[in-house]
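Text of the file data_5.pdb, holding PDB, C-alpha atoms:
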```pdb
MODEL        1
ATOM      1  CA  MET A 425     -53.677  34.171   0.261
ATOM      2  CA  THR A 426     -50.754  36.457   1.122
ATOM      3  CA  GLN A 427     -50.566  39.409  -1.241
ATOM      4  CA  ARG A 428     -47.555  39.198  -3.512
ATOM      5  CA  PRO A 429     -45.199  42.182  -3.779
ATOM      6  CA  THR A 430     -44.887  44.199  -6.971
ATOM      7  CA  ILE A 431     -41.822  42.964  -8.837
ATOM      8  CA  GLN A 432     -39.720  44.425 -11.608
ATOM      9  CA  GLU A 433     -36.297  43.857 -13.152
ATOM     10  CA  GLY A 434     -33.536  43.916 -10.550
ATOM     11  CA  ASP A 435     -35.615  42.690  -7.626
ATOM     12  CA  THR A 436     -34.517  39.597  -5.727
ATOM     13  CA  GLY A 437     -35.967  37.178  -3.206
ATOM     14  CA  PRO A 438     -38.240  34.142  -3.046
ATOM     15  CA  ASP A 439     -41.116  35.844  -4.870
ATOM     16  CA  VAL A 440     -38.832  36.530  -7.825
ATOM     17  CA  LYS A 441     -37.856  32.841  -7.918
ATOM     18  CA  ASP A 442     -41.545  31.899  -7.827
ATOM     19  CA  LEU A 443     -42.208  34.326 -10.672
ATOM     20  CA  MET A 444     -39.512  32.781 -12.855
ATOM     21  CA  GLY A 445     -41.095  29.390 -12.344
ATOM     22  CA  LEU A 446     -44.572  30.648 -13.178
ATOM     23  CA  LEU A 447     -43.660  32.580 -16.306
ATOM     24  CA  PRO A 448     -44.187  30.209 -19.272
ATOM     25  CA  LEU A 449     -42.021  32.310 -21.583
ATOM     26  CA  TYR A 450     -39.002  32.831 -19.308
ATOM     27  CA  SER A 451     -35.764  31.346 -20.632
ATOM     28  CA  PHE A 452     -32.057  31.941 -20.417
ATOM     29  CA  ASP A 453     -32.038  34.238 -23.449
ATOM     30  CA  SER A 454     -34.665  36.688 -22.190
ATOM     31  CA  THR A 455     -34.660  39.221 -19.390
ATOM     32  CA  LEU A 456     -37.353  39.043 -16.754
ATOM     33  CA  THR A 457     -38.924  42.219 -18.141
ATOM     34  CA  GLU A 458     -39.118  40.765 -21.646
ATOM     35  CA  ALA A 459     -40.775  37.577 -20.440
ATOM     36  CA  VAL A 460     -43.278  39.519 -18.314
ATOM     37  CA  ILE A 461     -44.183  41.871 -21.175
ATOM     38  CA  THR A 462     -44.692  38.976 -23.580
ATOM     39  CA  TYR A 463     -46.956  37.232 -21.072
ATOM     40  CA  GLN A 464     -48.892  40.416 -20.278
ATOM     41  CA  ARG A 465     -49.537  41.072 -23.951
ATOM     42  CA  SER A 466     -50.737  37.527 -24.428
ATOM     43  CA  ARG A 467     -53.342  37.954 -21.676
ATOM     44  CA  GLY A 468     -54.512  41.440 -22.662
ATOM     45  CA  LEU A 469     -52.928  43.062 -19.590
ATOM     46  CA  GLU A 470     -51.064  46.350 -19.475
ATOM     47  CA  ALA A 471     -47.670  45.381 -20.892
ATOM     48  CA  ASP A 472     -45.301  47.349 -18.668
ATOM     49  CA  GLY A 473     -42.997  44.552 -17.507
ATOM     50  CA  ILE A 474     -43.970  45.121 -13.875
ATOM     51  CA  VAL A 475     -45.667  42.282 -12.006
ATOM     52  CA  GLY A 476     -48.521  43.702  -9.976
ATOM     53  CA  PRO A 477     -51.793  42.229  -8.668
ATOM     54  CA  GLN A 478     -53.381  41.551 -12.073
ATOM     55  CA  THR A 479     -50.331  39.821 -13.506
ATOM     56  CA  TRP A 480     -49.828  37.798 -10.323
ATOM     57  CA  ALA A 481     -53.506  36.766 -10.408
ATOM     58  CA  ALA A 482     -53.232  35.568 -14.010
ATOM     59  CA  LEU A 483     -50.022  33.652 -13.356
ATOM     60  CA  GLU A 484     -51.201  32.034 -10.147
ATOM     61  CA  SER A 485     -54.472  30.968 -11.747
ATOM     62  CA  GLY A 486     -52.436  29.095 -14.336
ATOM     63  CA  ALA A 487     -53.752  31.238 -17.206
ATOM     64  CA  PRO A 488     -51.546  30.302 -20.176
ATOM     65  CA  PRO A 489     -50.340  32.822 -22.712
ATOM     66  CA  TYR A 490     -52.862  33.164 -25.524
ATOM     67  CA  MET A 491     -51.701  31.020 -28.388
ATOM     68  CA  PRO A 492     -53.392  30.811 -31.768
ATOM     69  CA  PRO A 493     -53.821  27.121 -32.560
ATOM     70  CA  GLY A 494     -50.688  25.422 -33.813
ATOM     71  CA  LEU A 495     -48.340  28.400 -33.624
ATOM     72  CA  PRO A 496     -45.197  28.152 -31.475
ATOM     73  CA  LEU A 497     -44.729  30.130 -28.288
ATOM     74  CA  PRO A 498     -43.706  33.695 -29.148
ATOM     75  CA  MET A 499     -40.017  34.298 -29.544
ATOM     76  CA  SER A 500     -38.559  36.417 -26.785
ATOM     77  CA  PRO A 501     -37.307  39.872 -27.811
ATOM     78  CA  SER A 502     -33.752  38.647 -27.252
ATOM     79  CA  MET A 503     -34.285  35.739 -29.626
ATOM     80  CA  GLN A 504     -35.761  38.046 -32.245
ATOM     81  CA  ASP A 505     -32.835  40.440 -31.868
ATOM     82  CA  ALA A 506     -30.334  37.602 -32.264
ATOM     83  CA  ILE A 507     -32.009  36.307 -35.424
ATOM     84  CA  GLU A 508     -32.225  39.816 -36.871
ATOM     85  CA  ASP A 509     -28.501  40.242 -36.160
ATOM     86  CA  ILE A 510     -27.786  36.986 -37.989
ATOM     87  CA  ALA A 511     -29.767  38.264 -40.979
ATOM     88  CA  SER A 512     -28.193  41.730 -40.950
ATOM     89  CA  SER A 513     -24.652  40.381 -40.927
ATOM     90  CA  SER A 514     -25.290  37.647 -43.506
ATOM     91  CA  ALA A 515     -23.819  37.728 -46.983
ATOM     92  CA  ILE A 516     -27.294  37.488 -48.509
ATOM     93  CA  ALA A 517     -28.264  40.799 -46.877
ATOM     94  CA  GLY A 518     -25.802  42.590 -49.152
ATOM     95  CA  TYR A 519     -26.438  40.493 -52.243
ATOM     96  CA  ASP A 520     -27.353  42.326 -55.465
ATOM     97  CA  TRP A 521     -30.412  40.402 -56.681
ATOM     98  CA  ASP A 522     -30.777  40.212 -60.442
ATOM     99  CA  ASP A 523     -32.804  43.209 -61.692
ATOM    100  CA  ARG A 524     -33.794  44.055 -58.089
ATOM    101  CA  GLY A 525     -30.674  45.178 -56.244
ATOM    102  CA  GLU A 526     -30.224  44.723 -52.524
ATOM    103  CA  ALA A 527     -33.250  43.649 -50.535
ATOM    104  CA  PRO A 528     -34.676  46.004 -47.915
ATOM    105  CA  ILE A 529     -32.930  44.939 -44.731
ATOM    106  CA  GLY A 530     -36.337  44.442 -43.132
ATOM    107  CA  TYR A 531     -37.197  41.847 -45.756
ATOM    108  CA  THR A 532     -34.115  39.756 -45.035
ATOM    109  CA  LYS A 533     -34.691  40.070 -41.284
ATOM    110  CA  GLY A 534     -38.375  39.236 -41.644
ATOM    111  CA  VAL A 535     -37.790  36.109 -43.713
ATOM    112  CA  ALA A 536     -35.161  34.953 -41.214
ATOM    113  CA  LEU A 537     -37.657  35.394 -38.359
ATOM    114  CA  ALA A 538     -40.485  33.705 -40.263
ATOM    115  CA  PHE A 539     -38.229  30.777 -41.132
ATOM    116  CA  GLY A 540     -37.102  30.589 -37.505
ATOM    117  CA  ASN A 541     -40.661  30.207 -36.287
ATOM    118  CA  CYS A 542     -41.439  27.709 -39.034
ATOM    119  CA  TYR A 543     -38.388  25.670 -38.041
ATOM    120  CA  ARG A 544     -39.526  25.764 -34.395
ATOM    121  CA  ALA A 545     -42.996  24.664 -35.522
ATOM    122  CA  TRP A 546     -41.502  21.818 -37.571
ATOM    123  CA  LYS A 547     -39.576  20.606 -34.519
ATOM    124  CA  GLY A 548     -42.864  20.655 -32.630
ATOM    125  CA  GLY A 549     -44.620  18.548 -35.269
ATOM    126  CA  TYR A 550     -46.914  21.296 -36.648
ATOM    127  CA  PRO A 551     -48.426  19.622 -39.750
ATOM    128  CA  PRO A 552     -48.003  22.533 -42.217
ATOM    129  CA  ALA A 553     -44.319  22.835 -41.318
ATOM    130  CA  VAL A 554     -43.847  19.058 -41.531
ATOM    131  CA  ASP A 555     -45.403  19.203 -44.990
ATOM    132  CA  MET A 556     -43.029  21.990 -46.043
ATOM    133  CA  ALA A 557     -40.041  19.918 -44.873
ATOM    134  CA  LYS A 558     -40.921  16.733 -46.741
ATOM    135  CA  ALA A 559     -38.539  15.355 -49.352
ATOM    136  CA  ALA A 560     -38.904  16.465 -52.948
ATOM    137  CA  THR A 561     -41.824  14.593 -54.468
ATOM    138  CA  GLY A 562     -40.378  14.091 -57.929
ATOM    139  CA  ASP A 563     -43.359  15.905 -59.461
ATOM    140  CA  PRO A 564     -42.036  19.115 -61.076
ATOM    141  CA  ASP A 565     -45.523  20.100 -62.217
ATOM    142  CA  ASP A 566     -46.579  20.775 -58.623
ATOM    143  CA  ASP A 567     -43.543  20.723 -56.325
ATOM    144  CA  VAL A 568     -41.008  23.539 -56.537
ATOM    145  CA  LEU A 569     -38.234  21.369 -55.052
ATOM    146  CA  ALA A 570     -38.677  18.971 -57.960
ATOM    147  CA  TRP A 571     -38.961  21.855 -60.442
ATOM    148  CA  TYR A 572     -35.585  23.228 -59.300
ATOM    149  CA  ALA A 573     -33.950  19.813 -58.854
ATOM    150  CA  ASP A 574     -31.136  20.511 -61.332
ATOM    151  CA  ASP A 575     -30.346  23.856 -59.698
ATOM    152  CA  PHE A 576     -30.110  22.269 -56.267
ATOM    153  CA  ARG A 577     -27.951  19.497 -57.689
ATOM    154  CA  GLN A 578     -25.518  22.075 -59.077
ATOM    155  CA  LEU A 579     -25.368  23.699 -55.639
ATOM    156  CA  GLY A 580     -24.625  20.338 -54.044
ATOM    157  CA  MET A 581     -27.869  20.403 -52.059
ATOM    158  CA  SER A 582     -30.060  17.356 -51.637
ATOM    159  CA  ASN A 583     -33.801  17.323 -50.993
ATOM    160  CA  ALA A 584     -34.069  13.551 -50.951
ATOM    161  CA  GLN A 585     -34.906  13.342 -47.237
ATOM    162  CA  ASN A 586     -37.619  14.741 -45.015
ATOM    163  CA  GLY A 587     -36.214  17.269 -42.591
ATOM    164  CA  ALA A 588     -34.478  20.527 -41.899
ATOM    165  CA  ALA A 589     -32.411  20.620 -45.101
ATOM    166  CA  SER A 590     -35.466  20.367 -47.349
ATOM    167  CA  LEU A 591     -37.186  23.014 -45.217
ATOM    168  CA  ARG A 592     -34.228  25.386 -45.522
ATOM    169  CA  HIS A 593     -33.971  24.874 -49.271
ATOM    170  CA  LEU A 594     -37.654  25.638 -49.675
ATOM    171  CA  TRP A 595     -37.163  28.877 -47.733
ATOM    172  CA  MET A 596     -34.217  29.758 -49.988
ATOM    173  CA  ILE A 597     -36.789  29.826 -52.772
ATOM    174  CA  VAL A 598     -39.229  31.792 -50.631
ATOM    175  CA  LEU A 599     -36.535  34.426 -50.057
ATOM    176  CA  GLY A 600     -35.683  34.711 -53.743
ATOM    177  CA  LEU A 601     -39.302  34.666 -54.903
ATOM    178  CA  GLY A 602     -40.272  37.618 -52.730
ATOM    179  CA  MET A 603     -37.553  39.683 -54.380
ATOM    180  CA  ARG A 604     -38.851  38.832 -57.855
ATOM    181  CA  GLU A 605     -42.500  39.419 -56.989
ATOM    182  CA  SER A 606     -42.289  42.611 -54.926
ATOM    183  CA  SER A 607     -38.644  43.593 -54.380
ATOM    184  CA  GLY A 608     -39.231  42.562 -50.770
ATOM    185  CA  GLN A 609     -42.125  44.935 -50.122
ATOM    186  CA  HIS A 610     -44.378  43.254 -47.545
ATOM    187  CA  CYS A 611     -47.171  45.779 -48.156
ATOM    188  CA  CYS A 612     -47.332  45.212 -51.907
ATOM    189  CA  GLY A 613     -50.881  45.245 -53.243
ATOM    190  CA  ARG A 614     -52.278  43.608 -56.316
ATOM    191  CA  ASP A 615     -50.752  43.928 -59.762
ATOM    192  CA  GLN A 616     -52.352  47.166 -60.972
ATOM    193  CA  SER A 617     -52.047  46.055 -64.599
ATOM    194  CA  ALA A 618     -54.320  43.082 -63.903
ATOM    195  CA  ASP A 619     -58.090  43.208 -63.727
ATOM    196  CA  ASN A 620     -58.462  40.481 -61.065
ATOM    197  CA  THR A 621     -60.163  42.485 -58.368
ATOM    198  CA  THR A 622     -62.242  39.778 -56.736
ATOM    199  CA  SER A 623     -61.324  38.986 -53.168
ATOM    200  CA  ASP A 624     -60.098  35.472 -53.971
ATOM    201  CA  SER A 625     -57.997  36.341 -57.011
ATOM    202  CA  CYS A 626     -56.319  39.544 -55.797
ATOM    203  CA  GLU A 627     -52.623  39.121 -55.176
ATOM    204  CA  ALA A 628     -51.215  40.549 -51.978
ATOM    205  CA  GLY A 629     -48.034  40.826 -49.960
ATOM    206  CA  ALA A 630     -44.385  40.256 -50.712
ATOM    207  CA  TRP A 631     -45.069  36.974 -52.506
ATOM    208  CA  GLN A 632     -48.217  38.057 -54.357
ATOM    209  CA  THR A 633     -50.129  34.934 -53.381
ATOM    210  CA  SER A 634     -53.865  35.116 -53.988
ATOM    211  CA  TYR A 635     -56.356  33.368 -51.753
ATOM    212  CA  ASP A 636     -57.568  31.070 -54.504
ATOM    213  CA  ALA A 637     -54.302  29.137 -54.013
ATOM    214  CA  HIS A 638     -55.707  27.793 -50.741
ATOM    215  CA  THR A 639     -57.336  24.891 -52.589
ATOM    216  CA  CYS A 640     -53.867  23.443 -53.239
ATOM    217  CA  SER A 641     -53.579  21.985 -49.732
ATOM    218  CA  PRO A 642     -55.503  21.863 -46.460
ATOM    219  CA  HIS A 643     -52.278  23.020 -44.791
ATOM    220  CA  PHE A 644     -52.859  26.456 -46.360
ATOM    221  CA  ASP A 645     -56.213  26.606 -44.571
ATOM    222  CA  THR A 646     -54.598  25.519 -41.298
ATOM    223  CA  VAL A 647     -52.092  28.374 -41.445
ATOM    224  CA  PHE A 648     -54.853  30.788 -42.449
ATOM    225  CA  ALA A 649     -56.956  29.759 -39.440
ATOM    226  CA  SER A 650     -54.019  30.064 -37.038
ATOM    227  CA  PHE A 651     -53.059  33.563 -38.121
ATOM    228  CA  GLU A 652     -56.677  34.660 -38.425
ATOM    229  CA  ALA A 653     -57.093  33.697 -34.765
ATOM    230  CA  ALA A 654     -54.149  35.981 -33.990
ATOM    231  CA  VAL A 655     -55.631  39.058 -35.689
ATOM    232  CA  ASP A 656     -57.525  40.220 -32.610
ATOM    233  CA  SER A 657     -54.902  39.060 -30.127
ATOM    234  CA  ASP A 658     -51.520  40.408 -29.188
ATOM    235  CA  TYR A 659     -49.672  37.442 -30.673
ATOM    236  CA  PRO A 660     -46.683  39.321 -32.083
ATOM    237  CA  GLN A 661     -45.243  36.794 -34.505
ATOM    238  CA  GLY A 662     -46.433  38.183 -37.833
ATOM    239  CA  PHE A 663     -43.178  40.212 -37.701
ATOM    240  CA  CYS A 664     -44.593  43.245 -39.491
ATOM    241  CA  ASP A 665     -42.273  45.585 -37.563
ATOM    242  CA  ALA A 666     -39.235  43.731 -38.855
ATOM    243  CA  PHE A 667     -40.480  43.457 -42.444
ATOM    244  CA  SER A 668     -41.300  47.191 -42.443
ATOM    245  CA  GLU A 669     -37.712  48.351 -41.962
ATOM    246  CA  ASP A 670     -36.449  50.260 -45.018
ATOM    247  CA  VAL A 671     -39.826  49.789 -46.773
ATOM    248  CA  SER A 672     -42.134  52.613 -47.804
ATOM    249  CA  CYS A 673     -45.804  51.754 -48.342
ATOM    250  CA  SER A 674     -48.213  53.935 -50.321
ATOM    251  CA  SER A 675     -51.822  54.200 -49.240
ATOM    252  CA  SER A 676     -52.962  52.302 -52.333
ATOM    253  CA  ASN A 677     -50.793  49.344 -51.319
ATOM    254  CA  TRP A 678     -52.924  48.836 -48.239
ATOM    255  CA  ASP A 679     -56.197  48.680 -50.153
ATOM    256  CA  ASN A 680     -57.903  45.297 -50.101
ATOM    257  CA  TYR A 681     -60.613  44.087 -52.427
ATOM    258  CA  GLY A 682     -63.838  42.237 -51.895
ATOM    259  CA  THR A 683     -65.044  40.621 -48.691
ATOM    260  CA  GLY A 684     -64.748  37.375 -46.762
ATOM    261  CA  SER A 685     -61.723  35.124 -46.484
ATOM    262  CA  GLY A 686     -60.105  36.481 -49.646
ATOM    263  CA  CYS A 687     -60.132  40.001 -48.234
ATOM    264  CA  GLN A 688     -58.865  38.729 -44.883
ATOM    265  CA  HIS A 689     -56.035  36.928 -46.662
ATOM    266  CA  GLN A 690     -54.985  40.159 -48.365
ATOM    267  CA  ASP A 691     -54.976  42.016 -45.070
ATOM    268  CA  MET A 692     -53.014  39.345 -43.216
ATOM    269  CA  SER A 693     -50.508  39.017 -46.056
ATOM    270  CA  LYS A 694     -49.564  42.670 -45.579
ATOM    271  CA  ASN A 695     -49.977  43.078 -41.825
ATOM    272  CA  GLN A 696     -48.669  39.640 -40.797
ATOM    273  CA  PRO A 697     -45.976  38.998 -43.403
ATOM    274  CA  ALA A 698     -44.906  35.766 -41.716
ATOM    275  CA  TYR A 699     -48.341  34.426 -42.658
ATOM    276  CA  ALA A 700     -47.719  35.362 -46.294
ATOM    277  CA  ALA A 701     -44.340  33.620 -46.207
ATOM    278  CA  GLU A 702     -45.797  30.413 -44.776
ATOM    279  CA  VAL A 703     -48.702  30.109 -47.205
ATOM    280  CA  CYS A 704     -46.303  30.841 -50.052
ATOM    281  CA  ALA A 705     -44.097  27.985 -48.857
ATOM    282  CA  ILE A 706     -47.081  25.629 -48.808
ATOM    283  CA  THR A 707     -48.247  26.740 -52.236
ATOM    284  CA  LEU A 708     -44.759  26.189 -53.640
ATOM    285  CA  ARG A 709     -44.872  22.551 -52.531
ATOM    286  CA  HIS A 710     -48.310  21.901 -54.048
ATOM    287  CA  ARG A 711     -48.957  24.416 -56.843
ATOM    288  CA  ARG A 712     -45.662  25.964 -57.839
ATOM    289  CA  ASP A 713     -47.161  27.219 -61.124
ATOM    290  CA  HIS A 714     -49.112  29.807 -59.115
ATOM    291  CA  TYR A 715     -46.033  32.038 -59.430
ATOM    292  CA  GLY A 716     -44.915  33.408 -62.787
ATOM    293  CA  PRO A 717     -41.267  33.972 -61.730
ATOM    294  CA  ILE A 718     -41.083  30.323 -60.678
ATOM    295  CA  ASN A 719     -42.518  29.127 -63.988
ATOM    296  CA  ARG A 720     -40.001  31.277 -65.860
ATOM    297  CA  ARG A 721     -37.168  30.111 -63.594
ATOM    298  CA  GLU A 722     -36.336  33.698 -62.699
ATOM    299  CA  VAL A 723     -35.949  33.051 -58.972
ATOM    300  CA  GLU A 724     -32.337  32.921 -57.870
ATOM    301  CA  LEU A 725     -31.213  30.170 -55.513
ATOM    302  CA  ARG A 726     -28.268  31.500 -53.521
ATOM    303  CA  HIS A 727     -26.058  29.452 -51.214
ATOM    304  CA  GLU A 728     -25.698  32.626 -49.119
ATOM    305  CA  ALA A 729     -29.401  32.324 -48.310
ATOM    306  CA  ASP A 730     -28.927  28.762 -47.108
ATOM    307  CA  ASP A 731     -25.951  29.892 -45.018
ATOM    308  CA  MET A 732     -28.139  32.455 -43.241
ATOM    309  CA  LEU A 733     -30.996  30.023 -42.665
ATOM    310  CA  ARG A 734     -28.576  27.366 -41.409
ATOM    311  CA  GLU A 735     -27.200  29.859 -38.888
ATOM    312  CA  VAL A 736     -30.735  30.695 -37.719
ATOM    313  CA  GLN A 737     -31.430  26.974 -37.372
ATOM    314  CA  ALA A 738     -28.254  26.425 -35.330
ATOM    315  CA  TYR A 739     -29.057  29.368 -33.056
ATOM    316  CA  ILE A 740     -32.550  28.046 -32.323
ATOM    317  CA  ASP A 741     -31.145  24.594 -31.599
ATOM    318  CA  ARG A 742     -28.693  26.118 -29.093
ATOM    319  CA  VAL A 743     -31.426  28.129 -27.383
ATOM    320  CA  GLU A 744     -33.772  25.175 -27.073
ATOM    321  CA  ALA A 745     -30.998  22.892 -25.804
ATOM    322  CA  ARG A 746     -30.437  25.238 -22.840
ATOM    323  CA  GLU A 747     -34.088  25.726 -21.909
TER
ENDMDL
END
```
Once more with this new file: its structure as structure tokens, please.
Amino acid sequence: MTQRPTIQEGDTGPDVKDLMGLLPLYSFDSTLTEAVITYQRSRGLEADGIVGPQTWAALESGAPPYMPPGLPLPMSPSMQDAIEDIASSSAIAGYDWDDRGEAPIGYTKGVALAFGNCYRAWKGGYPPAVDMAKAATGDPDDDVLAWYADDFRQLGMSNAQNGAASLRHLWMIVLGLGMRESSGQHCCGRDQSADNTTSDSCEAGAWQTSYDAHTCSPHFDTVFASFEAAVDSDYPQGFCDAFSEDVSCSSSNWDNYGTGSGCQHQDMSKNQPAYAAEVCAITLRHRRDHYGPINRREVELRHEADDMLREVQAYIDRVEARE
């Protein structure tokens, strides 16, 4: 086999065309360097954006990017930047939440990114995302969309159909709930006034979900398994970097309690905040009374949040239509 040349951004020629065809993550919205780096990270290669012998060997052997089961292909850096820009310029980014003030900008960006991936997963038929996007069940004891039915009605929003609208409206609640529970602090540890220090009952992350909520639905366990598989990989879609912006975490926040899956859940909730957002969304559809602010109807539903999520949805649709 003829040895391929080393290629980097700006190079041209037939080998560059071959490279574009081989890269599984190359699309119109990413530079060649971005797509190469994402692929290199996914295979455990040096992520320098330069295609040398090892990267060529992986690509030509057909080695796919590492993907935790069920999760969508990683967003390109350009896609992440675009979604973060949507979040930063949205009206909800400057909203003064009741008793909480403005959210850390990283929180708004992080939720937008997490929703974006969940929307992509829903389009791909990923069962947990399909479950999130189902129509309101009519059971307010368990389903948050039914619990807040009057509020949605006043906003002129319907959750009567399966699909993107119900998914967006659920994530409106996710956005508001994280502000009530933690003021948008992804690294938030357990409630220090509580004595629940077992691994399964300790709350963790922006939404303060404890692992014992996983019994509400097998979809919780599916998301747990997918993100757990990503812990030792370079799958970069937990979006901790985004969630961390404008957030200060004390050392005690990072402490986890106990062992086993409950401890792992605490760690992932803080270090992969997109995981925490997704399992919160599932819990809200099956055991909404897990969250005190929901039970007390303290969570604000803001049309500005839906506007932001709708813009993220439209952007993803445009990107995927061109690929």
*Pick out the residues sitting within 10 Å of Gln609 in chain A, and hand them over as a ChimeraX atom specification; count all atoms listed in the file, and ignore anything fewer than 2 positions along from it in its own chain.*
/A:527-528,530-531,602-603,605-607,611-613,629-631,667-673,677,694,697
*the PyMOL selection byres ((chain A and resi 474-481) around 7) applied to the shown file, residues as a list in words*: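 Evaluating the PyMOL selection byres ((chain A and resi 474-481) around 7) on these coordinates yields Thr430, Ile431, Gln432, Gln464, Asp472, Gly473, Ala482, Leu483, Glu484 and Ser485 of chain A.
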*When the PyMOL selection byres ((chain A and resi 681-691) around 6) is applied to the file above, which residues end up in the set, as a list of chain:residue names?*
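With the shown file as input, the PyMOL selection byres ((chain A and resi 681-691) around 6) matches A:Thr622, A:Ser623, A:Asp624, A:Ala628, A:Tyr635, A:Asn680, A:Met692, A:Ser693, A:Lys694.
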Axis-aligned box for range 594-598 of chain A, 4 Å per side, centre and edges in Å as JSON:
```
{"center_x": -36.7, "center_y": 28.7, "center_z": -50.3, "size_x": 13.0, "size_y": 14.2, "size_z": 13.0}
```
*List, as a PyMOL selection string, every residue that the PyMOL selection byres ((chain A and resi 553) around 9) selects in the file provided.*
chain A and resi 542-547+549-552+554-558+591+643+702+706
*asked:* Restricting the calculation to all atoms listed in the file: of A:Ile516, A:Leu495, A:Ala637, A:Met581, which residue gets closest to Gly662 in chain A?
replied: A:Leu495
*With only C-alpha atoms as the atoms that count, which of A:Ala589, A:Cys664, A:Ala559, A:Ile529 lies nearest to Gly608 in chain A?*
A:Ile529
*So, counting all atoms listed in the file, which residue among A:Asn583, A:Gln632, A:Ser675, A:Gln427 is closest to Gly562 in chain A?*
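Counting all atoms listed in the file, the residue closest to Gly562 in chain A is A:Asn583.
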*Go through A:Cys640, A:Met503, A:Ala700, A:Cys626 one by one, measure the shortest atom-to-atom distance of each to Glu652 in chain A using all atoms listed in the file, and give the residue with the smallest value.*
A:Ala700
*Quick one, how far is CA of Leu446 in chain A from CA of Asp741 in chain A?*
23.6 Å
*Quick one: distance from CA of Val598 in chain A to CA of Thr707 in chain A in Å, one decimal?*
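Value for the CA of Val598 in chain A-CA of Thr707 in chain A distance: 10.5 Å.
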_Between CA of Gly540 in chain A and CA of Leu497 in chain A, distance in Å (one decimal)_ =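 CA of Leu497 in chain A lies 12.0 Å from CA of Gly540 in chain A.
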*Pick from A:Gly534, A:Gly580, A:Gly716, A:Pro564: nearest to Leu733 in chain A, with all atoms listed in the file counted?*
A:Gly534
Using the partial input, fill out range 631-642 of chain A with N, CA and C atoms; write the result as a JSON list (two decimals), in the coordinates of the input.
```json
[["chain", "number", "residue", "atom", "x", "y", "z"],
["A", 631, "TRP", "N", -45.14, 38.11, -51.59],
["A", 631, "TRP", "CA", -45.07, 36.97, -52.51],
["A", 631, "TRP", "C", -46.22, 36.96, -53.49],
["A", 632, "GLN", "N", -47.12, 37.91, -53.40],
["A", 632, "GLN", "CA", -48.22, 38.06, -54.36],
["A", 632, "GLN", "C", -49.02, 36.76, -54.50],
["A", 633, "THR", "N", -49.28, 36.12, -53.39],
["A", 633, "THR", "CA", -50.13, 34.93, -53.38],
["A", 633, "THR", "C", -51.58, 35.37, -53.28],
["A", 634, "SER", "N", -52.44, 34.82, -54.09],
["A", 634, "SER", "CA", -53.86, 35.12, -53.99],
["A", 634, "SER", "C", -54.56, 33.99, -53.23],
["A", 635, "TYR", "N", -55.69, 34.32, -52.64],
["A", 635, "TYR", "CA", -56.36, 33.37, -51.75],
["A", 635, "TYR", "C", -56.84, 32.13, -52.50],
["A", 636, "ASP", "N", -57.08, 32.25, -53.78],
["A", 636, "ASP", "CA", -57.57, 31.07, -54.50],
["A", 636, "ASP", "C", -56.54, 29.93, -54.53],
["A", 637, "ALA", "N", -55.30, 30.21, -54.13],
["A", 637, "ALA", "CA", -54.30, 29.14, -54.01],
["A", 637, "ALA", "C", -54.59, 28.21, -52.84],
["A", 638, "HIS", "N", -55.50, 28.60, -51.95],
["A", 638, "HIS", "CA", -55.71, 27.79, -50.74],
["A", 638, "HIS", "C", -56.24, 26.40, -51.06],
["A", 639, "THR", "N", -56.82, 26.22, -52.23],
["A", 639, "THR", "CA", -57.34, 24.89, -52.59],
["A", 639, "THR", "C", -56.22, 23.89, -52.88],
["A", 640, "CYS", "N", -54.98, 24.35, -52.92],
["A", 640, "CYS", "CA", -53.87, 23.44, -53.24],
["A", 640, "CYS", "C", -53.58, 22.47, -52.11],
["A", 641, "SER", "N", -53.90, 22.85, -50.87],
["A", 641, "SER", "CA", -53.58, 21.98, -49.73],
["A", 641, "SER", "C", -54.36, 22.43, -48.50],
["A", 642, "PRO", "N", -54.85, 21.48, -47.72],
["A", 642, "PRO", "CA", -55.50, 21.86, -46.46],
["A", 642, "PRO", "C", -54.55, 22.53, -45.48]]
```
